$ cat input_13.tsv   # TSV, C-alpha atoms and all ligand atoms
chain	number	residue	atom	x	y	z
A	729	MET	CA	150.50	144.08	4.58
A	730	ALA	CA	151.93	144.02	1.18
A	731	VAL	CA	149.10	143.33	-1.16
A	732	TYR	CA	148.37	146.52	-3.03
A	733	THR	CA	146.78	144.83	-6.05
A	734	ASP	CA	144.09	142.16	-5.98
A	735	ILE	CA	144.01	139.35	-8.53
A	736	SER	CA	140.89	137.51	-9.63
A	737	ASP	CA	140.78	133.69	-9.50
A	738	GLU	CA	140.41	133.61	-13.29
A	739	GLU	CA	143.57	135.66	-13.76
A	740	LEU	CA	145.54	133.45	-11.39
A	741	THR	CA	144.41	130.27	-13.11
A	742	ALA	CA	145.25	131.74	-16.51
A	743	LEU	CA	148.67	132.79	-15.21
A	744	VAL	CA	149.54	129.34	-13.87
A	745	GLU	CA	148.48	127.81	-17.19
A	746	ARG	CA	151.26	129.77	-18.90
A	747	TYR	CA	153.77	127.63	-16.95
A	748	ASP	CA	154.60	123.98	-16.72
A	749	ILE	CA	154.10	123.91	-12.93
A	750	GLY	CA	150.97	121.80	-12.42
A	751	THR	CA	147.58	123.24	-11.58
A	752	LEU	CA	146.75	125.92	-9.03
A	753	GLN	CA	145.55	124.67	-5.66
A	754	SER	CA	145.61	127.79	-3.50
A	755	ALA	CA	146.73	131.41	-3.48
A	756	LYS	CA	147.13	133.71	-0.53
A	757	GLY	CA	148.35	137.30	-0.12
A	758	ILE	CA	151.49	137.67	2.03
A	759	ALA	CA	151.30	140.16	4.87
A	760	GLU	CA	155.06	140.87	5.17
A	761	GLY	CA	156.95	143.31	2.97
A	762	VAL	CA	156.32	146.90	2.02
A	763	GLU	CA	157.33	147.51	-1.58
A	764	ASN	CA	155.51	145.05	-3.83
A	765	SER	CA	152.47	142.74	-3.69
A	766	ASN	CA	153.41	139.13	-2.91
A	767	PHE	CA	151.28	135.99	-3.10
A	768	LEU	CA	152.04	132.45	-2.02
A	769	LEU	CA	150.76	130.04	-4.66
A	770	HIS	CA	150.50	126.30	-4.19
A	771	THR	CA	150.27	124.20	-7.30
A	772	THR	CA	150.13	120.43	-7.57
A	773	VAL	CA	153.94	120.59	-8.04
A	774	SER	CA	155.24	122.96	-5.31
A	775	PRO	CA	154.86	126.37	-3.69
A	776	PHE	CA	155.83	129.54	-5.59
A	777	ILE	CA	155.90	133.26	-4.89
A	778	LEU	CA	154.11	135.57	-7.28
A	779	THR	CA	155.27	139.19	-7.09
A	780	LEU	CA	153.38	142.06	-8.67
A	781	TYR	CA	155.74	145.00	-9.00
A	782	GLU	CA	154.28	148.21	-7.64
A	783	LYS	CA	155.15	151.82	-8.38
A	784	ARG	CA	158.55	152.07	-6.68
A	785	THR	CA	160.06	149.17	-8.60
A	786	SER	CA	160.81	150.44	-12.10
A	787	GLU	CA	159.81	148.06	-14.87
A	788	ASN	CA	163.06	148.91	-16.68
A	789	ASP	CA	165.04	147.44	-13.77
A	790	LEU	CA	163.21	144.11	-13.72
A	791	PRO	CA	165.48	142.35	-16.25
A	792	PHE	CA	168.44	143.26	-13.98
A	793	PHE	CA	166.79	141.95	-10.79
A	794	LEU	CA	165.38	138.77	-12.33
A	795	GLY	CA	168.53	138.08	-14.36
A	796	LEU	CA	170.62	138.58	-11.23
A	797	MET	CA	168.63	136.04	-9.18
A	798	GLU	CA	169.00	133.53	-11.97
A	799	HIS	CA	172.73	134.23	-12.23
A	800	LEU	CA	173.41	134.04	-8.49
A	801	SER	CA	171.44	130.84	-8.15
A	802	ALA	CA	173.38	129.28	-11.03
A	803	ARG	CA	176.58	130.21	-9.15
A	804	GLY	CA	175.37	128.29	-6.07
A	805	LEU	CA	173.87	131.11	-3.98
A	806	SER	CA	170.60	130.12	-2.34
A	807	CYS	CA	167.97	132.64	-3.50
A	808	PRO	CA	164.63	132.63	-5.33
A	809	VAL	CA	164.87	131.75	-9.01
A	810	PRO	CA	162.49	133.23	-11.60
A	811	VAL	CA	160.41	130.52	-13.24
A	812	HIS	CA	160.23	130.51	-17.04
A	813	ALA	CA	156.82	130.23	-18.68
A	814	ARG	CA	156.30	127.74	-21.52
A	815	ASP	CA	157.20	130.50	-24.01
A	816	GLY	CA	160.49	131.15	-22.17
A	817	SER	CA	159.48	134.48	-20.66
A	818	VAL	CA	159.95	135.38	-16.96
A	819	LEU	CA	158.21	138.73	-16.95
A	820	GLN	CA	154.41	138.65	-17.12
A	821	ARG	CA	151.58	141.12	-16.73
A	822	VAL	CA	148.95	140.36	-14.08
A	823	ALA	CA	146.11	142.66	-13.01
A	824	GLY	CA	147.71	145.41	-15.06
A	825	ARG	CA	151.06	145.17	-13.28
A	826	PRO	CA	154.41	143.66	-14.27
A	827	ALA	CA	154.76	140.35	-12.44
A	828	ALA	CA	157.05	137.36	-12.00
A	829	LEU	CA	156.80	133.94	-10.45
A	830	VAL	CA	159.81	132.81	-8.42
A	831	THR	CA	160.67	129.66	-6.52
A	832	PHE	CA	159.74	129.44	-2.85
A	833	LEU	CA	162.64	129.60	-0.41
A	834	GLU	CA	162.30	127.55	2.76
A	835	GLY	CA	163.21	129.14	6.07
A	836	MET	CA	162.30	132.04	8.33
A	837	ASP	CA	163.81	135.39	9.16
A	838	VAL	CA	165.25	135.81	12.67
A	839	LYS	CA	163.62	138.40	14.87
A	840	ARG	CA	166.56	138.69	17.30
A	841	PRO	CA	169.79	138.02	15.43
A	842	ARG	CA	172.72	136.68	17.44
A	843	ALA	CA	176.42	136.86	16.64
A	844	GLU	CA	176.32	133.45	14.91
A	845	HIS	CA	173.59	134.73	12.57
A	846	CYS	CA	175.71	137.82	11.84
A	847	GLN	CA	178.71	135.65	10.99
A	848	GLN	CA	176.65	133.68	8.47
A	849	VAL	CA	175.23	136.86	6.99
A	850	GLY	CA	178.79	138.16	6.51
A	851	MET	CA	179.74	134.96	4.71
A	852	ALA	CA	176.61	134.98	2.55
A	853	LEU	CA	177.18	138.62	1.60
A	854	ALA	CA	180.75	137.89	0.50
A	855	ARG	CA	179.52	134.86	-1.49
A	856	LEU	CA	176.95	137.09	-3.18
A	857	HIS	CA	179.69	139.60	-4.08
A	858	GLU	CA	181.85	136.84	-5.53
A	859	ALA	CA	178.99	135.12	-7.36
A	860	GLY	CA	177.98	138.43	-8.95
A	861	ALA	CA	181.47	139.06	-10.38
A	862	ASP	CA	180.66	137.71	-13.85
A	863	PHE	CA	177.07	138.99	-14.04
A	864	GLY	CA	176.78	140.79	-17.37
A	865	MET	CA	174.43	143.64	-16.42
A	866	THR	CA	174.93	146.78	-14.33
A	867	ARG	CA	172.51	149.08	-12.52
A	868	ALA	CA	173.54	152.38	-10.95
A	869	ASN	CA	172.62	152.80	-7.29
A	870	ALA	CA	169.88	155.43	-7.33
A	871	LEU	CA	169.99	155.53	-3.54
A	872	SER	CA	173.68	156.36	-3.17
A	873	VAL	CA	175.16	159.74	-2.25
A	874	ASP	CA	173.77	161.60	-5.32
A	875	GLY	CA	170.26	160.33	-4.57
A	876	TRP	CA	170.17	161.58	-0.98
A	877	ALA	CA	169.86	165.34	-1.55
A	878	PRO	CA	166.57	164.99	-3.51
A	879	LEU	CA	165.15	162.86	-0.66
A	880	ALA	CA	166.26	165.48	1.89
A	881	ALA	CA	164.63	168.19	-0.25
A	882	THR	CA	161.37	166.21	-0.34
A	883	ALA	CA	161.33	166.08	3.45
A	884	GLY	CA	162.54	169.71	3.79
A	885	ASP	CA	161.80	171.42	7.09
A	886	ARG	CA	159.13	168.84	7.83
A	887	ALA	CA	162.04	166.67	9.08
A	888	ASP	CA	161.94	168.78	12.25
A	889	THR	CA	158.50	167.40	13.05
A	890	VAL	CA	160.12	163.97	13.36
A	891	ALA	CA	163.10	165.05	15.50
A	892	GLU	CA	164.16	168.49	16.66
A	893	GLY	CA	166.92	169.95	14.49
A	894	LEU	CA	166.80	167.04	12.03
A	895	ALA	CA	166.62	169.17	8.87
A	896	ALA	CA	169.83	171.02	9.77
A	897	LEU	CA	171.59	167.84	10.84
A	898	ILE	CA	170.76	166.20	7.50
A	899	ALA	CA	172.01	169.26	5.58
A	900	ARG	CA	175.36	169.25	7.45
A	901	GLU	CA	175.75	165.53	7.12
A	902	LEU	CA	175.00	165.50	3.40
A	903	GLU	CA	177.62	168.14	2.78
A	904	LEU	CA	180.23	166.09	4.60
A	905	LEU	CA	179.25	162.85	2.88
A	906	ALA	CA	179.16	164.40	-0.60
A	907	GLY	CA	182.63	165.87	-0.06
A	908	SER	CA	184.29	162.71	1.20
A	909	TRP	CA	182.37	159.79	-0.33
A	910	PRO	CA	184.94	157.22	-1.59
A	911	LYS	CA	184.91	156.62	-5.33
A	912	ASP	CA	187.63	154.04	-5.96
A	913	LEU	CA	186.66	151.09	-3.79
A	914	PRO	CA	186.19	147.63	-5.31
A	915	THR	CA	182.71	147.48	-6.85
A	916	GLY	CA	180.33	144.90	-8.24
A	917	VAL	CA	176.84	143.60	-7.64
A	918	ILE	CA	175.55	144.45	-4.16
A	919	HIS	CA	172.26	143.49	-2.48
A	920	ALA	CA	171.83	146.94	-0.88
A	921	ASP	CA	168.99	145.91	1.48
A	922	LEU	CA	170.22	142.79	3.27
A	923	PHE	CA	168.18	143.38	6.42
A	924	PRO	CA	167.16	140.56	8.78
A	925	ASP	CA	163.76	140.27	7.05
A	926	ASN	CA	165.55	139.38	3.82
A	927	VAL	CA	167.67	136.53	5.18
A	928	PHE	CA	166.13	133.13	5.91
A	929	PHE	CA	167.40	130.53	8.37
A	930	ILE	CA	166.38	126.95	9.00
A	931	GLY	CA	167.28	126.35	12.62
A	932	ALA	CA	170.67	127.96	13.10
A	933	GLU	CA	171.71	127.62	9.42
A	934	LEU	CA	171.27	130.36	6.85
A	935	SER	CA	169.04	128.95	4.11
A	936	GLY	CA	169.01	131.82	1.62
A	937	LEU	CA	168.57	135.48	0.69
A	938	ILE	CA	165.50	137.18	-0.78
A	939	ASP	CA	164.36	140.60	-2.01
A	940	PHE	CA	166.88	141.67	-4.64
A	941	TYR	CA	164.81	144.70	-5.64
A	942	PHE	CA	167.37	147.28	-4.49
A	943	ALA	CA	170.34	145.33	-5.91
A	944	CYS	CA	172.71	147.45	-7.95
A	945	THR	CA	176.34	148.02	-8.89
A	946	ASP	CA	178.22	149.75	-6.08
A	947	ALA	CA	181.07	149.37	-3.58
A	948	PHE	CA	181.14	145.99	-1.85
A	949	ALA	CA	182.12	147.68	1.40
A	950	TYR	CA	178.97	149.83	1.24
A	951	ASP	CA	176.92	146.61	1.31
A	952	ILE	CA	178.87	145.55	4.42
A	953	ALA	CA	178.15	148.95	5.96
A	954	ILE	CA	174.43	148.45	5.31
A	955	CYS	CA	174.58	145.08	7.08
A	956	LEU	CA	176.46	146.54	10.07
A	957	ASN	CA	173.60	149.01	10.42
A	958	ALA	CA	170.86	146.45	9.94
A	959	TRP	CA	172.23	143.54	12.00
A	960	CYS	CA	174.51	144.81	14.74
A	961	PHE	CA	172.51	147.37	16.74
A	962	GLU	CA	170.52	146.40	19.81
A	963	ALA	CA	166.98	147.44	20.73
A	964	ASP	CA	168.49	150.10	23.03
A	965	ASP	CA	170.32	151.54	19.97
A	966	SER	CA	173.79	150.52	21.16
A	967	PHE	CA	176.21	148.97	18.67
A	968	ASN	CA	177.02	145.36	19.56
A	969	VAL	CA	180.69	145.03	18.66
A	970	THR	CA	180.57	141.24	19.10
A	971	LYS	CA	178.00	141.06	16.30
A	972	GLY	CA	180.05	143.49	14.20
A	973	ARG	CA	183.17	141.38	14.71
A	974	ALA	CA	181.26	138.22	13.74
A	975	LEU	CA	179.78	139.80	10.61
A	976	LEU	CA	183.12	141.21	9.44
A	977	ALA	CA	185.02	138.01	10.25
A	978	GLY	CA	182.41	135.98	8.35
A	979	TYR	CA	182.75	138.26	5.34
A	980	ASN	CA	186.56	138.29	5.49
A	981	LYS	CA	186.72	134.52	5.59
A	982	VAL	CA	185.15	134.33	2.12
A	983	ARG	CA	186.41	137.55	0.55
A	984	ALA	CA	189.30	139.37	2.21
A	985	LEU	CA	188.60	143.07	2.71
A	986	GLU	CA	191.12	145.41	1.05
A	987	PRO	CA	192.77	147.81	3.53
A	988	GLU	CA	191.07	150.80	1.85
A	989	GLU	CA	187.68	149.13	2.27
A	990	ALA	CA	188.28	148.64	5.99
A	991	ASP	CA	189.47	152.26	6.31
A	992	ALA	CA	186.31	153.52	4.61
A	993	LEU	CA	183.89	151.59	6.87
A	994	PRO	CA	183.05	154.41	9.33
A	995	LEU	CA	182.19	156.79	6.49
A	996	LEU	CA	180.27	154.15	4.53
A	997	ALA	CA	178.30	153.15	7.64
A	998	ARG	CA	177.50	156.83	8.17
A	999	GLY	CA	176.25	157.07	4.57
A	1000	ALA	CA	174.26	153.85	4.88
A	1001	ALA	CA	172.56	155.18	8.02
A	1002	MET	CA	171.75	158.38	6.12
A	1003	ARG	CA	170.26	156.40	3.21
A	1004	PHE	CA	167.82	154.52	5.46
A	1005	LEU	CA	167.11	157.58	7.60
A	1006	LEU	CA	166.10	159.49	4.44
A	1007	THR	CA	163.96	156.83	2.76
A	1008	ARG	CA	162.21	156.13	6.05
A	1009	LEU	CA	161.74	159.86	6.66
A	1010	VAL	CA	160.10	160.39	3.26
A	1011	ASP	CA	157.87	157.33	3.78
A	1012	TRP	CA	156.99	158.57	7.26
A	1013	LEU	CA	155.98	161.98	5.93
A	1014	ASP	CA	154.49	161.07	2.55
A	1015	GLY	CA	153.93	157.30	2.54
A	1016	PRO	CA	150.53	155.73	1.87
A	1017	GLN	CA	148.12	156.45	4.70
A	1018	ASP	CA	146.93	152.84	4.59
A	1019	ALA	CA	146.96	151.79	8.23
A	1020	LEU	CA	147.98	148.29	7.20
A	1021	VAL	CA	151.41	149.47	6.01
A	1022	LYS	CA	153.27	150.55	9.09
A	1023	PRO	CA	156.05	152.99	8.18
A	1024	LYS	CA	159.47	152.20	9.65
A	1025	ASP	CA	160.77	154.65	12.22
A	1026	PRO	CA	163.39	157.05	10.78
A	1027	ARG	CA	164.63	157.89	14.30
A	1028	GLU	CA	166.23	154.46	14.63
A	1029	TYR	CA	168.63	155.48	11.87
A	1030	LEU	CA	169.24	158.90	13.37
A	1031	LYS	CA	170.56	157.13	16.48
A	1032	ARG	CA	172.72	154.84	14.36
A	1033	LEU	CA	174.04	157.80	12.44
A	1034	ARG	CA	175.10	159.40	15.73
A	1035	PHE	CA	177.10	156.28	16.59
A	1036	HIS	CA	178.90	156.37	13.22
A	1037	GLN	CA	179.69	160.07	13.59
A	1038	HIS	CA	181.93	159.13	16.51
A	1039	ALA	CA	183.52	156.03	14.97
A	1040	VAL	CA	187.13	156.60	13.96
A	1041	SER	CA	188.20	153.31	12.40
A	1042	ALA	CA	187.03	149.83	11.40
A	1043	ALA	CA	188.12	148.67	14.86
A	1044	ASP	CA	185.04	150.46	16.24
A	1045	TYR	CA	183.00	147.88	14.31
A	1046	GLY	CA	185.06	144.94	15.58
A	1047	TYR	CA	187.37	144.65	12.57
A	1048	GLY	CA	190.77	143.14	13.24
A	1049	GLY	CA	189.95	142.42	16.88
A	1101	LIG	N1	161.04	133.38	-2.69
A	1101	LIG	C1	160.43	133.47	-1.51
A	1101	LIG	N2	160.28	132.36	-0.76
A	1101	LIG	C2	159.59	132.41	0.42
A	1101	LIG	N3	159.02	133.52	0.90
A	1101	LIG	C3	159.14	134.66	0.20
A	1101	LIG	C4	159.85	134.70	-1.04
A	1101	LIG	N4	159.80	135.96	-1.52
A	1101	LIG	C5	159.09	136.67	-0.65
A	1101	LIG	N5	158.68	135.90	0.39
A	1101	LIG	C6	157.84	136.32	1.52
A	1101	LIG	O1	157.24	137.54	1.19
A	1101	LIG	C7	157.62	138.57	2.12
A	1101	LIG	C8	157.81	139.88	1.39
A	1101	LIG	O2	158.83	139.74	0.40
A	1101	LIG	P1	159.82	140.93	0.06
A	1101	LIG	O3	160.54	140.55	-1.19
A	1101	LIG	O4	160.65	141.28	1.26
A	1101	LIG	O5	158.77	142.07	-0.23
A	1101	LIG	P2	158.97	143.64	-0.36
A	1101	LIG	O6	160.07	143.87	-1.35
A	1101	LIG	O7	157.65	144.10	-0.80
A	1101	LIG	O8	159.35	144.16	1.00
A	1101	LIG	C9	158.87	138.03	2.78
A	1101	LIG	O9	159.03	138.54	4.08
A	1101	LIG	C10	158.61	136.54	2.79
A	1101	LIG	O10	157.77	136.20	3.88
A	1102	LIG	N1	164.94	147.68	4.70
A	1102	LIG	C1	164.35	148.98	4.55
A	1102	LIG	C2	162.97	148.95	3.99
A	1102	LIG	C3	162.78	148.05	2.80
A	1102	LIG	O1	161.93	147.00	3.21
A	1102	LIG	P1	161.94	145.52	2.57
A	1102	LIG	O2	160.72	144.88	3.17
A	1102	LIG	O3	161.85	145.73	1.07
A	1102	LIG	O4	163.20	144.84	3.00
A	1102	LIG	C4	164.31	149.70	5.93
A	1102	LIG	O5	164.39	149.01	6.94
A	1102	LIG	O6	164.18	150.92	5.95
$ encode --input "input_13.tsv" --output "structure tokens"
Amino acid sequence: MAVYTDISDEELTALVERYDIGTLQSAKGIAEGVENSNFLLHTTVSPFILTLYEKRTSENDLPFFLGLMEHLSARGLSCPVPVHARDGSVLQRVAGRPAALVTFLEGMDVKRPRAEHCQQVGMALARLHEAGADFGMTRANALSVDGWAPLAATAGDRADTVAEGLAALIARELELLAGSWPKDLPTGVIHADLFPDNVFFIGAELSGLIDFYFACTDAFAYDIAICLNAWCFEADDSFNVTKGRALLAGYNKVRALEPEEADALPLLARGAAMRFLLTRLVDWLDGPQDALVKPKDPREYLKRLRFHQHAVSAADYGYGG
């Protein structure tokens, strides 16, 4: 589930009245998602998504996320657009939480991505990077290399209850990553969580991207590395190089990778695996005990990390082949 906060009918009606979007016909909590509470609203005009931002999404970051969606959409990227209330505002307060209403994006996520999906994701990611070039705001990536040690410290030796020797492996890995993390790669706005559940397709065509709540300013190639992790591994934990090749070729078709970005891919993919291993590990150990929120398995990312530890060049991900 992802409905942490309930809203009364009166509050919902009052909210909709702040907008010029017709009258409320129905409202229903959305089961998918883990971070925030989402509701599907139908008004006499169209469907909308109402998001109530929960604890992990900082209120200070909301102008960046909402402004970014508006900016990307204006540049032709298909993504939800925040709806302005009659008074011009996009940020509201509902049931005591910061909230925003965004447009509904048609489509569905794919449960078993194929190479053609990966190619389209690569293209969409590159379009996002290009469309974000003239966005006026920046947001540091709190979940980049400097943010990993505190997560590892939170897990501490308890990591070994998840996998034998995990605490020591994380310590070694963090030392290596901190000492060699690239600092001079081309940077800009990145999505930072472009997993299959955040990409919608209608039939075989990509229809849009959602969930910009980890977006930040960081290396473009790191975003590619996140996608290689999220899209190109099989259920048996093997890397599917055909999918990697498709994703990278799709990206390269829209925005050509610089040679130093391609060279950095194995290290960036290793760091990206570490980022998701750590956030999942902390959620696994300390996340809400609500049985309706199923924590994601950190061990998946341990296996991915092991693949990246043995990768020597971008060719291992299908680049240039
Ligand atoms: N703009 C949108 N259009 C259509 N569906 C959406 C939209 N935003 C969110 N959803 C639905 O809500 C679910 C959770 O949204 P998401 O932003 O991924 O939540 P969380 O950040 O809490 O994980 C998505 O899987 C999707 O089903
Ligand atoms: N993609 C992350 C978890 C974040 O979930 P989302 O529903 O906000 O995309 C992971 O897989 O660990």
$ closest_residue --input "input_13.tsv" --among "A:Leu904, A:Cys846, A:Ala742, A:Leu922" --to "ligand LIG 1101 (chain A)" --atoms "only C-alpha atoms and all ligand atoms"
A:Leu922
$ closest_residue --input "input_13.tsv" --among "A:Gly884, A:Pro914, A:Gly875, A:Pro791" --to "Gly999 in chain A" --atoms "only C-alpha atoms"
A:Gly875
$ closest_residue --input "input_13.tsv" --among "A:His1038, A:Arg825, A:His919, A:Lys1031" --to "ligand LIG 1102 (chain A)" --atoms "only C-alpha atoms and all ligand atoms"
A:His919
$ atom_distance --input "input_13.tsv" --atom1 "CA of Val927 in chain A" --atom2 "CA of Tyr732 in chain A"
23.2 Å
$ residues_near_ligand --input "input_13.tsv" --ligand "ligand LIG 1102 (chain A)" --cutoff "10 Å" --atoms "all atoms listed in the file" --output "number ranges by chain"
A: 730, 760-764, 920-927, 938-942, 954, 957-958, 1001, 1003-1009, 1011, 1023-1026, 1028-1029
$ closest_residue --input "input_13.tsv" --among "A:Gly972, A:Gly1046, A:Gly757, A:Gly750" --to "Cys960 in chain A" --atoms "all atoms listed in the file"
A:Gly972
$ residues_near_point --input "input_13.tsv" --point "(179.1, 149.0, -4.1)" --cutoff "10 Å" --atoms "only C-alpha atoms" --output "VMD selection string"
chain A and resid 857 868 to 869 872 911 913 to 920 943 to 952
$ residues_around --input "input_13.tsv" --residues "Arg842 in chain A" --least-positions-apart "3" --cutoff "10 Å" --atoms "all atoms listed in the file" --output "number ranges by chain"
A: 838-839, 845-847, 932, 959-960, 968, 970-971, 974
